[in-house]
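With compact mmCIF, C-alpha atoms inside, this is final.txt:
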# COMPACT_ATOMS: atom_id res chain seq x y z
CA MET R 17 111.42 61.29 95.03
CA ALA R 18 109.09 64.23 95.62
CA LEU R 19 109.81 67.18 93.37
CA ARG R 20 110.47 70.55 94.93
CA ILE R 21 107.88 73.33 95.15
CA SER R 22 109.33 76.83 95.33
CA SER R 23 109.09 78.62 98.65
CA ARG R 24 107.90 81.67 96.68
CA SER R 25 104.59 79.85 96.18
CA GLU R 26 104.03 79.45 99.91
CA LEU R 27 101.87 82.53 100.21
CA PRO R 28 99.05 83.29 102.61
CA SER R 29 95.61 83.17 101.04
CA PHE R 30 94.02 86.34 99.80
CA MET R 31 91.27 85.73 102.33
CA VAL R 32 88.55 87.77 100.70
CA MET R 33 88.69 85.29 97.83
CA ASP R 34 88.28 82.42 100.31
CA VAL R 35 85.16 84.13 101.68
CA LEU R 36 83.96 84.68 98.11
CA GLU R 37 84.26 80.97 97.35
CA LYS R 38 82.36 80.00 100.51
CA ALA R 39 79.63 82.49 99.67
CA GLU R 40 79.35 81.32 96.05
CA ARG R 41 78.81 77.74 97.21
CA MET R 42 75.96 78.59 99.60
CA THR R 43 72.59 77.65 98.12
CA ASN R 44 68.97 77.27 99.21
CA LEU R 45 69.33 79.81 102.00
CA PRO R 46 66.34 80.96 104.06
CA GLN R 47 67.34 84.60 103.50
CA PRO R 48 69.15 86.43 100.70
CA LEU R 49 72.92 86.36 100.99
CA LEU R 50 74.26 89.89 101.52
CA ARG R 51 77.65 90.48 99.88
CA LEU R 52 79.74 92.89 101.95
CA GLU R 53 83.04 91.08 101.44
CA MET R 54 84.23 92.22 98.00
CA GLY R 55 85.17 95.58 96.60
CA GLN R 56 82.65 94.81 93.87
CA PRO R 57 80.35 97.63 92.71
CA SER R 58 76.81 96.34 92.35
CA SER R 59 76.08 98.75 89.50
CA PRO R 60 76.88 97.98 85.86
CA PRO R 61 79.86 99.28 83.91
CA PRO R 62 79.42 102.55 82.02
CA LYS R 63 76.80 102.44 79.29
CA ALA R 64 79.40 103.59 76.77
CA ALA R 65 81.56 100.57 77.65
CA LEU R 66 78.65 98.14 77.27
CA ASP R 67 77.63 99.68 73.95
CA ALA R 68 81.21 99.42 72.67
CA ILE R 69 81.31 95.72 73.51
CA ILE R 70 78.04 95.10 71.65
CA ASN R 71 79.24 97.12 68.66
CA HIS R 72 82.61 95.36 68.43
CA VAL R 73 81.85 91.80 69.51
CA HIS R 74 81.69 90.59 65.89
CA ASP R 75 84.70 92.66 64.83
CA ILE R 76 87.53 90.15 64.39
CA SER R 77 90.15 92.80 65.21
CA ALA R 78 88.61 93.08 68.68
CA HIS R 79 89.65 89.50 69.47
CA GLY R 80 93.35 89.64 68.63
CA TYR R 81 96.50 90.89 70.29
CA THR R 82 97.22 94.55 70.90
CA LEU R 83 100.45 96.35 71.66
CA SER R 84 101.82 95.18 75.01
CA ARG R 85 101.54 98.74 76.34
CA GLY R 86 97.86 98.75 75.35
CA THR R 87 96.03 100.05 72.32
CA ILE R 88 97.10 103.45 71.08
CA GLU R 89 93.51 104.64 71.54
CA LEU R 90 93.36 103.58 75.20
CA THR R 91 96.76 104.98 76.20
CA GLU R 92 95.82 108.29 74.58
CA ALA R 93 92.44 108.28 76.35
CA ILE R 94 94.11 107.64 79.72
CA ALA R 95 96.52 110.52 79.09
CA ARG R 96 93.54 112.82 78.38
CA HIS R 97 91.90 111.57 81.60
CA TYR R 98 94.92 112.78 83.61
CA LYS R 99 94.71 116.19 81.97
CA ARG R 100 91.01 116.48 82.85
CA TRP R 101 91.28 115.24 86.43
CA TYR R 102 94.67 116.51 87.59
CA ASP R 103 95.78 118.98 84.91
CA LEU R 104 98.78 116.72 84.35
CA ASP R 105 100.49 116.39 80.98
CA VAL R 106 101.01 112.64 80.72
CA LYS R 107 102.52 111.31 77.51
CA PRO R 108 100.61 108.33 76.09
CA GLU R 109 103.99 106.58 75.87
CA GLN R 110 104.19 106.68 79.68
CA VAL R 111 100.97 104.64 79.99
CA LEU R 112 101.17 100.85 80.22
CA VAL R 113 97.90 98.93 80.22
CA THR R 114 97.97 95.85 82.48
CA VAL R 115 95.76 92.88 83.31
CA GLY R 116 94.20 94.55 86.31
CA SER R 117 96.26 96.64 88.72
CA SER R 118 97.36 93.50 90.60
CA LEU R 119 99.61 92.41 87.76
CA GLY R 120 100.79 96.00 87.53
CA PHE R 121 102.11 95.77 91.09
CA MET R 122 103.99 92.58 90.30
CA MET R 123 105.50 94.23 87.22
CA ALA R 124 106.60 97.19 89.34
CA PHE R 125 108.19 94.90 91.95
CA LEU R 126 110.10 92.92 89.34
CA THR R 127 111.23 96.02 87.47
CA CYS R 128 112.25 98.28 90.35
CA PHE R 129 113.70 95.98 93.00
CA GLU R 130 116.22 93.19 93.58
CA ALA R 131 115.61 90.06 95.66
CA GLY R 132 115.89 90.92 99.35
CA ASP R 133 114.96 94.59 98.94
CA LYS R 134 112.61 96.06 101.54
CA ILE R 135 109.33 97.71 100.57
CA ALA R 136 107.43 99.61 103.23
CA MET R 137 103.64 99.70 103.47
CA ALA R 138 101.02 100.68 106.00
CA SER R 139 99.43 98.07 108.23
CA PRO R 140 96.48 97.60 108.05
CA GLY R 141 96.89 97.55 104.29
CA TYR R 142 95.98 95.62 101.18
CA SER R 143 97.25 92.07 101.68
CA ALA R 144 98.04 91.38 98.02
CA TYR R 145 100.87 93.94 98.19
CA ARG R 146 102.53 91.91 100.93
CA ASN R 147 101.85 88.54 99.34
CA LEU R 148 103.14 89.58 95.93
CA MET R 149 106.30 90.95 97.54
CA LEU R 150 106.93 87.58 99.13
CA SER R 151 106.49 85.79 95.81
CA ALA R 152 109.07 88.16 94.27
CA SER R 153 111.56 87.44 97.10
CA LEU R 154 111.12 90.94 98.50
CA GLU R 155 110.76 91.82 102.17
CA PRO R 156 107.58 93.60 103.28
CA MET R 157 108.31 96.28 105.86
CA LEU R 158 105.05 96.82 107.71
CA ILE R 159 104.42 100.19 109.34
CA ASN R 160 101.74 99.96 112.00
CA ILE R 161 99.34 102.89 111.83
CA ASP R 162 97.63 104.12 114.99
CA PRO R 163 93.82 104.20 114.58
CA GLU R 164 93.68 107.09 117.04
CA TYR R 165 95.15 109.20 114.26
CA ASN R 166 92.66 107.87 111.69
CA SER R 167 95.16 105.31 110.42
CA ARG R 168 97.19 107.89 108.52
CA LEU R 169 100.67 107.25 107.14
CA THR R 170 102.62 110.48 107.53
CA VAL R 171 106.13 111.66 106.77
CA GLU R 172 106.72 111.96 110.51
CA THR R 173 106.18 108.21 110.79
CA LEU R 174 108.60 107.55 107.94
CA GLU R 175 111.27 109.75 109.54
CA LYS R 176 111.20 107.56 112.66
CA LEU R 177 111.99 104.34 110.77
CA ASP R 178 115.16 102.58 111.89
CA THR R 179 115.83 101.39 108.33
CA ILE R 180 115.26 103.29 105.10
CA PRO R 181 113.32 100.98 102.75
CA ASP R 182 114.09 100.54 99.08
CA GLY R 183 110.47 101.23 98.16
CA LEU R 184 107.25 102.55 99.64
CA ILE R 185 103.66 101.74 98.66
CA ILE R 186 101.00 104.26 99.54
CA ALA R 187 97.28 104.10 98.83
CA SER R 188 94.77 106.93 98.82
CA PRO R 189 91.90 106.29 99.29
CA ALA R 190 93.29 103.37 101.28
CA ASN R 191 92.03 99.81 101.48
CA PRO R 192 90.72 98.83 104.05
CA THR R 193 90.58 102.08 106.03
CA GLY R 194 89.22 104.58 103.49
CA VAL R 195 91.78 107.21 104.53
CA VAL R 196 92.42 109.91 101.89
CA MET R 197 95.72 111.80 101.83
CA THR R 198 95.74 115.56 101.52
CA GLY R 199 97.91 117.18 98.90
CA ASP R 200 100.29 118.39 101.62
CA GLU R 201 100.61 114.89 103.08
CA LEU R 202 101.30 113.36 99.68
CA ALA R 203 103.79 116.09 98.78
CA ALA R 204 105.72 115.58 102.03
CA ILE R 205 105.92 111.82 101.52
CA SER R 206 107.02 112.31 97.91
CA ARG R 207 109.80 114.67 99.01
CA TRP R 208 110.94 112.20 101.68
CA CYS R 209 111.11 109.38 99.14
CA GLU R 210 113.15 111.42 96.67
CA ALA R 211 115.50 112.70 99.39
CA ASN R 212 116.14 109.15 100.63
CA GLY R 213 116.33 107.31 97.30
CA VAL R 214 113.08 105.42 97.94
CA ARG R 215 110.99 104.31 94.95
CA LEU R 216 107.41 105.48 95.51
CA ILE R 217 104.52 103.36 94.22
CA SER R 218 101.17 105.11 94.53
CA ASP R 219 98.02 102.99 94.45
CA GLU R 220 95.28 105.29 93.14
CA ILE R 221 92.75 102.61 92.22
CA TYR R 222 90.01 104.26 94.33
CA HIS R 223 90.48 107.73 92.87
CA GLY R 224 87.13 109.24 92.04
CA ILE R 225 85.58 107.70 95.16
CA SER R 226 86.45 110.38 97.70
CA PHE R 227 83.57 111.95 99.54
CA ASP R 228 84.81 115.18 101.09
CA LYS R 229 88.35 115.59 99.76
CA THR R 230 90.10 116.07 96.44
CA ASP R 231 92.16 113.17 95.12
CA HIS R 232 95.78 114.06 94.45
CA CYS R 233 98.01 112.12 92.06
CA ALA R 234 101.55 111.39 93.26
CA MET R 235 102.79 112.46 89.83
CA GLN R 236 101.88 116.01 90.82
CA TYR R 237 104.67 115.89 93.40
CA SER R 238 107.17 113.29 92.18
CA SER R 239 108.75 112.67 88.79
CA SER R 240 110.00 109.20 89.82
CA ALA R 241 106.81 107.71 91.28
CA LEU R 242 104.91 104.87 89.64
CA ILE R 243 101.16 105.47 89.49
CA MET R 244 98.88 102.42 89.64
CA ASN R 245 95.22 102.53 88.67
CA SER R 246 92.43 100.42 87.23
CA PHE R 247 88.97 100.44 85.70
CA SER R 248 87.73 98.15 88.48
CA LYS R 249 86.50 100.54 91.16
CA TYR R 250 85.33 103.99 90.02
CA PHE R 251 84.44 102.66 86.56
CA ALA R 252 82.78 99.49 87.97
CA MET R 253 84.58 97.18 85.49
CA THR R 254 86.11 94.65 87.90
CA GLY R 255 85.73 91.59 85.70
CA HIS R 256 87.26 93.25 82.66
CA ARG R 257 90.69 93.11 84.33
CA VAL R 258 92.10 96.28 82.81
CA GLY R 259 94.48 98.39 84.84
CA TRP R 260 97.28 100.78 84.02
CA ILE R 261 100.64 102.14 85.16
CA ILE R 262 101.89 105.69 84.60
CA ALA R 263 105.67 105.25 84.57
CA PRO R 264 108.66 107.60 84.58
CA ASP R 265 110.44 107.62 81.24
CA ASP R 266 113.31 105.41 82.43
CA LEU R 267 110.94 102.61 83.45
CA VAL R 268 108.74 102.50 80.35
CA ASP R 269 110.95 100.20 78.28
CA PRO R 270 111.72 97.70 81.10
CA LEU R 271 108.04 97.50 82.01
CA GLU R 272 107.04 97.06 78.38
CA ARG R 273 109.54 94.23 77.86
CA LEU R 274 108.22 92.51 80.97
CA ALA R 275 104.65 92.88 79.69
CA GLN R 276 105.63 91.43 76.31
CA ASN R 277 106.99 88.31 77.98
CA CYS R 278 104.50 88.03 80.81
CA PHE R 279 101.03 88.50 79.31
CA ILE R 280 101.53 89.89 75.75
CA SER R 281 98.55 92.24 76.08
CA ALA R 282 95.43 92.94 78.10
CA ASN R 283 92.00 91.79 76.89
CA THR R 284 91.34 93.59 73.61
CA LEU R 285 87.55 93.87 73.86
CA SER R 286 87.85 95.23 77.38
CA GLN R 287 90.38 97.82 76.21
CA ILE R 288 87.89 98.95 73.56
CA ALA R 289 85.20 99.21 76.25
CA ALA R 290 87.52 101.16 78.56
CA THR R 291 88.42 103.60 75.79
CA ALA R 292 84.78 104.25 75.02
CA ALA R 293 84.06 104.83 78.70
CA LEU R 294 86.85 107.38 79.10
CA ASP R 295 85.92 109.30 75.97
CA ASN R 296 82.23 109.72 76.85
CA PRO R 297 81.42 112.59 79.26
CA GLU R 298 78.25 110.79 80.33
CA THR R 299 80.42 108.07 81.90
CA TYR R 300 81.60 110.42 84.63
CA ARG R 301 78.05 111.49 85.46
CA GLU R 302 77.04 107.84 85.70
CA MET R 303 79.96 106.91 87.92
CA ASP R 304 79.52 109.96 90.14
CA SER R 305 75.95 108.81 90.79
CA TYR R 306 77.42 105.54 92.05
CA VAL R 307 79.77 107.47 94.33
CA ALA R 308 76.77 109.36 95.72
CA ARG R 309 75.21 106.00 96.58
CA TYR R 310 78.39 104.80 98.26
CA ARG R 311 78.25 107.89 100.46
CA VAL R 312 74.64 107.11 101.39
CA ASN R 313 75.63 103.51 102.16
CA ARG R 314 78.58 104.60 104.29
CA ASP R 315 76.47 107.00 106.31
CA LEU R 316 73.71 104.42 106.74
CA LEU R 317 76.07 101.78 108.12
CA ILE R 318 77.89 104.19 110.42
CA ASP R 319 74.55 105.47 111.73
CA ARG R 320 72.84 102.10 112.15
CA LEU R 321 75.50 99.54 112.99
CA PRO R 322 75.85 98.93 116.76
CA GLN R 323 78.80 100.58 118.47
CA GLU R 324 80.08 97.20 119.66
CA LEU R 325 80.58 96.27 116.03
CA LEU R 326 82.14 99.52 114.85
CA GLY R 327 84.40 100.24 117.82
CA ASN R 328 87.26 102.68 117.24
CA PHE R 329 87.16 102.56 113.43
CA PRO R 330 88.96 104.93 111.04
CA TYR R 331 86.44 107.21 109.37
CA PRO R 332 86.22 106.25 105.68
CA GLU R 333 86.88 109.42 103.70
CA GLY R 334 86.88 107.52 100.40
CA GLY R 335 86.68 104.07 98.84
CA PHE R 336 83.83 101.82 99.90
CA TYR R 337 84.91 100.05 103.07
CA ILE R 338 84.45 100.35 106.81
CA TYR R 339 87.29 98.76 108.77
CA ALA R 340 85.39 97.96 111.95
CA ASP R 341 86.98 97.42 115.35
CA THR R 342 85.20 94.27 116.54
CA SER R 343 87.32 93.73 119.66
CA ALA R 344 84.27 94.17 121.91
CA LEU R 345 82.65 91.14 120.29
CA SER R 346 85.46 88.75 119.39
CA ASN R 347 89.22 88.24 119.38
CA ASN R 348 89.05 86.03 116.28
CA SER R 349 87.97 87.83 113.12
CA ALA R 350 88.07 84.65 111.01
CA GLU R 351 85.58 82.94 113.34
CA LEU R 352 83.40 86.08 113.43
CA THR R 353 83.39 86.18 109.64
CA ASP R 354 82.24 82.54 109.55
CA THR R 355 79.52 83.28 112.11
CA PHE R 356 78.15 86.19 110.07
CA LEU R 357 78.28 84.12 106.88
CA ASN R 358 76.77 80.89 108.24
CA ASP R 359 74.26 82.34 110.74
CA LEU R 360 73.34 85.76 109.37
CA TYR R 361 74.05 85.15 105.65
CA ILE R 362 76.28 88.22 105.50
CA ALA R 363 79.65 87.88 103.78
CA THR R 364 82.42 90.07 105.27
CA THR R 365 86.23 89.96 105.26
CA PRO R 366 88.35 89.18 108.37
CA GLY R 367 90.81 91.83 109.42
CA ILE R 368 93.71 89.36 109.42
CA ASP R 369 93.64 89.74 105.64
CA PHE R 370 94.93 93.30 106.14
CA ASP R 371 96.88 93.22 109.40
CA GLU R 372 98.80 90.15 110.56
CA ALA R 373 99.40 91.61 114.05
CA ALA R 374 96.04 93.09 115.08
CA GLY R 375 93.63 92.06 112.33
CA HIS R 376 92.09 89.38 114.51
CA LEU R 377 90.22 92.26 116.16
CA SER R 378 88.74 93.79 113.01
CA LEU R 379 86.39 93.14 110.08
CA ARG R 380 86.05 94.90 106.76
CA PHE R 381 82.57 95.73 105.46
CA SER R 382 82.20 96.73 101.82
CA PHE R 383 79.42 99.20 101.13
CA ALA R 384 79.73 98.99 97.34
CA GLY R 385 76.41 97.15 97.08
CA SER R 386 72.84 98.38 97.04
CA THR R 387 71.47 100.63 99.76
CA GLU R 388 68.74 98.06 100.38
CA ASP R 389 71.35 95.41 101.13
CA MET R 390 73.18 97.77 103.50
CA ALA R 391 69.97 98.45 105.40
CA GLU R 392 69.15 94.75 105.66
CA ALA R 393 72.69 93.94 106.80
CA ALA R 394 72.47 96.59 109.51
CA ASP R 395 69.16 95.14 110.73
CA ARG R 396 70.52 91.59 110.92
CA LEU R 397 73.71 92.65 112.66
CA ASN R 398 71.79 94.77 115.17
CA ARG R 399 69.55 91.85 116.07
CA TRP R 400 72.58 89.59 116.47
CA VAL R 401 74.41 92.03 118.74
CA GLN R 402 71.30 92.67 120.82
CA SER R 403 70.89 88.95 121.37
CA ARG R 404 74.36 88.88 122.95
CA ARG R 405 73.81 91.77 125.37
Any chance you could put this one into structure tokens?
Amino acid sequence: MALRISSRSELPSFMVMDVLEKAERMTNLPQPLLRLEMGQPSSPPPKAALDAIINHVHDISAHGYTLSRGTIELTEAIARHYKRWYDLDVKPEQVLVTVGSSLGFMMAFLTCFEAGDKIAMASPGYSAYRNLMLSASLEPMLINIDPEYNSRLTVETLEKLDTIPDGLIIASPANPTGVVMTGDELAAISRWCEANGVRLISDEIYHGISFDKTDHCAMQYSSSALIMNSFSKYFAMTGHRVGWIIAPDDLVDPLERLAQNCFISANTLSQIAATAALDNPETYREMDSYVARYRVNRDLLIDRLPQELLGNFPYPEGGFYIYADTSALSNNSAELTDTFLNDLYIATTPGIDFDEAAGHLSLRFSFAGSTEDMAEAADRLNRWVQSRR
């Protein structure tokens, strides 16, 4: 008799990881492989983080467990970070260090919601939100965002919903669109959530990578919101797998108990590195230089990619992605992704990873890599499009 496999495991792939695996297995290519699929900064982590790893690698205490909420030093450093960036008084006890922000989302889902609850999110949006909801027996409530309005989720859209959800996930800067919420937009959504008893989860993992706007923290407008963040993007520490949650007081203990039973603690050496990065002013100058390069890369791609490939795309105000409207070239983004990978040696991500309904008409390009790679990618894609005219 075959043993049962839970339906909660029957999740769609996180397709960017499928593209990553294909790309990693490609060898002996006639041209360099250009990696525009992952949100993976091509620059190193902060020097202070690297120095801390070197200085502590032989320290036996750096290889053991920490508190499940994270080291005291790191939670205090994160609290100071919020004072510097947002002038917010965050108590270190409100900070919970997680194994990347992805596990933080799962912890939030399990702590805040019951099976069958509905959580609203924008579409296009980050597919792991949706997939993790399904694995927790929650119901994703997808809100289609009109690209003519720069793919913005607004309170006016929420007020038109037929059903009030139990939770709402917002992201600013957003993946894959790069949309950045204004303070007024975030305040209005926060008020709507509190008035309707909706738990707000704010994904702020791309904070620090906004080009023409100021990042606003949902905690500035809501005392009940959960704030999700990570060292992966602005701090270029993706492989360290260190994220954090800022939680309201009533959720700290439940989240901590879940952490104790789920993963015990995040990587100790990486927590030491993250603390050193936060406490060194030079870190922010280093990372801001990366953001300046992302802006150059964004502008280069928008200026040099053919219009047939960009289409009616939302202008990326932050993050490091262009969500291109490729409907003039193909109605199958998975096939187009394979074509670019196998024929042009450019790795991209199909839009169906972010939008089940219309993602077959879109691709996501990451411009987190080097400017030289962006220029070469633009040249190859231009030649390919011209050959089809």
key: 9 Å contact set for Leu126 of chain R, only C-alpha atoms, chain neighbours under 5 positions out, as a PyMOL selection string   = chain R and resi 121+131+152+271+274
task = With a distance cut-off of 10 Å and only C-alpha atoms, select the neighbouring residues of Arg320 of chain R, excluding the residue or stretch itself and same-chain residues fewer than 4 positions from it, and output the selection as a PyMOL selection string.
result = chain R and resi 315-316+390-391+393-395+397-398
request  = To one decimal in Å, tell me the separation between atom CA of Pro57 of chain R and atom CA of Leu317 of chain R.
outcome  = 16.5 Å
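Between atom CA of Leu52 of chain R and atom CA of Leu360 of chain R there is a distance of 12.1 Å.
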Test item: residues at most 7 Å from Pro62 of chain R, all atoms listed in the file, excluding those fewer than 3 positions along its chain, as a list in words =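 After dropping sequence-adjacent residues, the list is Ala65, Leu66, Phe251, Ala293, Thr299 and Glu302 of chain R.
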Atom CA of Phe370 of chain R to atom CA of Asp162 of chain R, distance in Å rounded to a single decimal =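 Between atom CA of Phe370 of chain R and atom CA of Asp162 of chain R the gap is 14.2 Å.
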task = Show me as a VMD selection string the residues that reach within 12 Å of (91.0, 92.5, 81.7), counting all atoms listed in the file and using the file's own coordinates.
result = chain R and resid 86 113 to 120 246 to 248 253 to 260 279 281 to 290
Output of segment 341-373 of chain R limited to C-alpha atoms, as an mmCIF file, in the first residue's frame:
data_model
loop_
_atom_site.group_PDB
_atom_site.id
_atom_site.type_symbol
_atom_site.label_atom_id
_atom_site.label_comp_id
_atom_site.auth_asym_id
_atom_site.auth_seq_id
_atom_site.Cartn_x
_atom_site.Cartn_y
_atom_site.Cartn_z
ATOM 1 C CA ASP R 341 5.768 43.054 -20.707
ATOM 2 C CA THR R 342 6.873 40.553 -23.366
ATOM 3 C CA SER R 343 3.437 40.072 -24.946
ATOM 4 C CA ALA R 344 4.679 41.471 -28.275
ATOM 5 C CA LEU R 345 7.193 38.621 -28.515
ATOM 6 C CA SER R 346 5.574 35.602 -26.884
ATOM 7 C CA ASN R 347 2.517 34.330 -25.043
ATOM 8 C CA ASN R 348 4.561 31.757 -23.123
ATOM 9 C CA SER R 349 7.045 33.243 -20.667
ATOM 10 C CA ALA R 350 8.413 29.830 -19.650
ATOM 11 C CA GLU R 351 9.342 29.042 -23.257
ATOM 12 C CA LEU R 352 10.812 32.535 -23.717
ATOM 13 C CA THR R 353 12.907 32.055 -20.593
ATOM 14 C CA ASP R 354 14.240 28.766 -21.987
ATOM 15 C CA THR R 355 15.016 30.435 -25.329
ATOM 16 C CA PHE R 356 17.009 33.212 -23.675
ATOM 17 C CA LEU R 357 18.857 30.706 -21.488
ATOM 18 C CA ASN R 358 19.649 28.103 -24.163
ATOM 19 C CA ASP R 359 20.216 30.395 -27.166
ATOM 20 C CA LEU R 360 21.429 33.685 -25.704
ATOM 21 C CA TYR R 361 22.951 32.385 -22.436
ATOM 22 C CA ILE R 362 20.908 34.867 -20.417
ATOM 23 C CA ALA R 363 19.091 33.581 -17.333
ATOM 24 C CA THR R 364 15.781 35.356 -16.585
ATOM 25 C CA THR R 365 12.636 34.463 -14.622
ATOM 26 C CA PRO R 366 9.238 33.749 -16.252
ATOM 27 C CA GLY R 367 6.372 35.960 -15.194
ATOM 28 C CA ILE R 368 4.197 32.977 -14.281
ATOM 29 C CA ASP R 369 6.307 32.776 -11.126
ATOM 30 C CA PHE R 370 4.645 36.029 -10.013
ATOM 31 C CA ASP R 371 1.234 36.051 -11.679
ATOM 32 C CA GLU R 372 -0.727 32.862 -12.372
ATOM 33 C CA ALA R 373 -3.276 34.676 -14.571
#
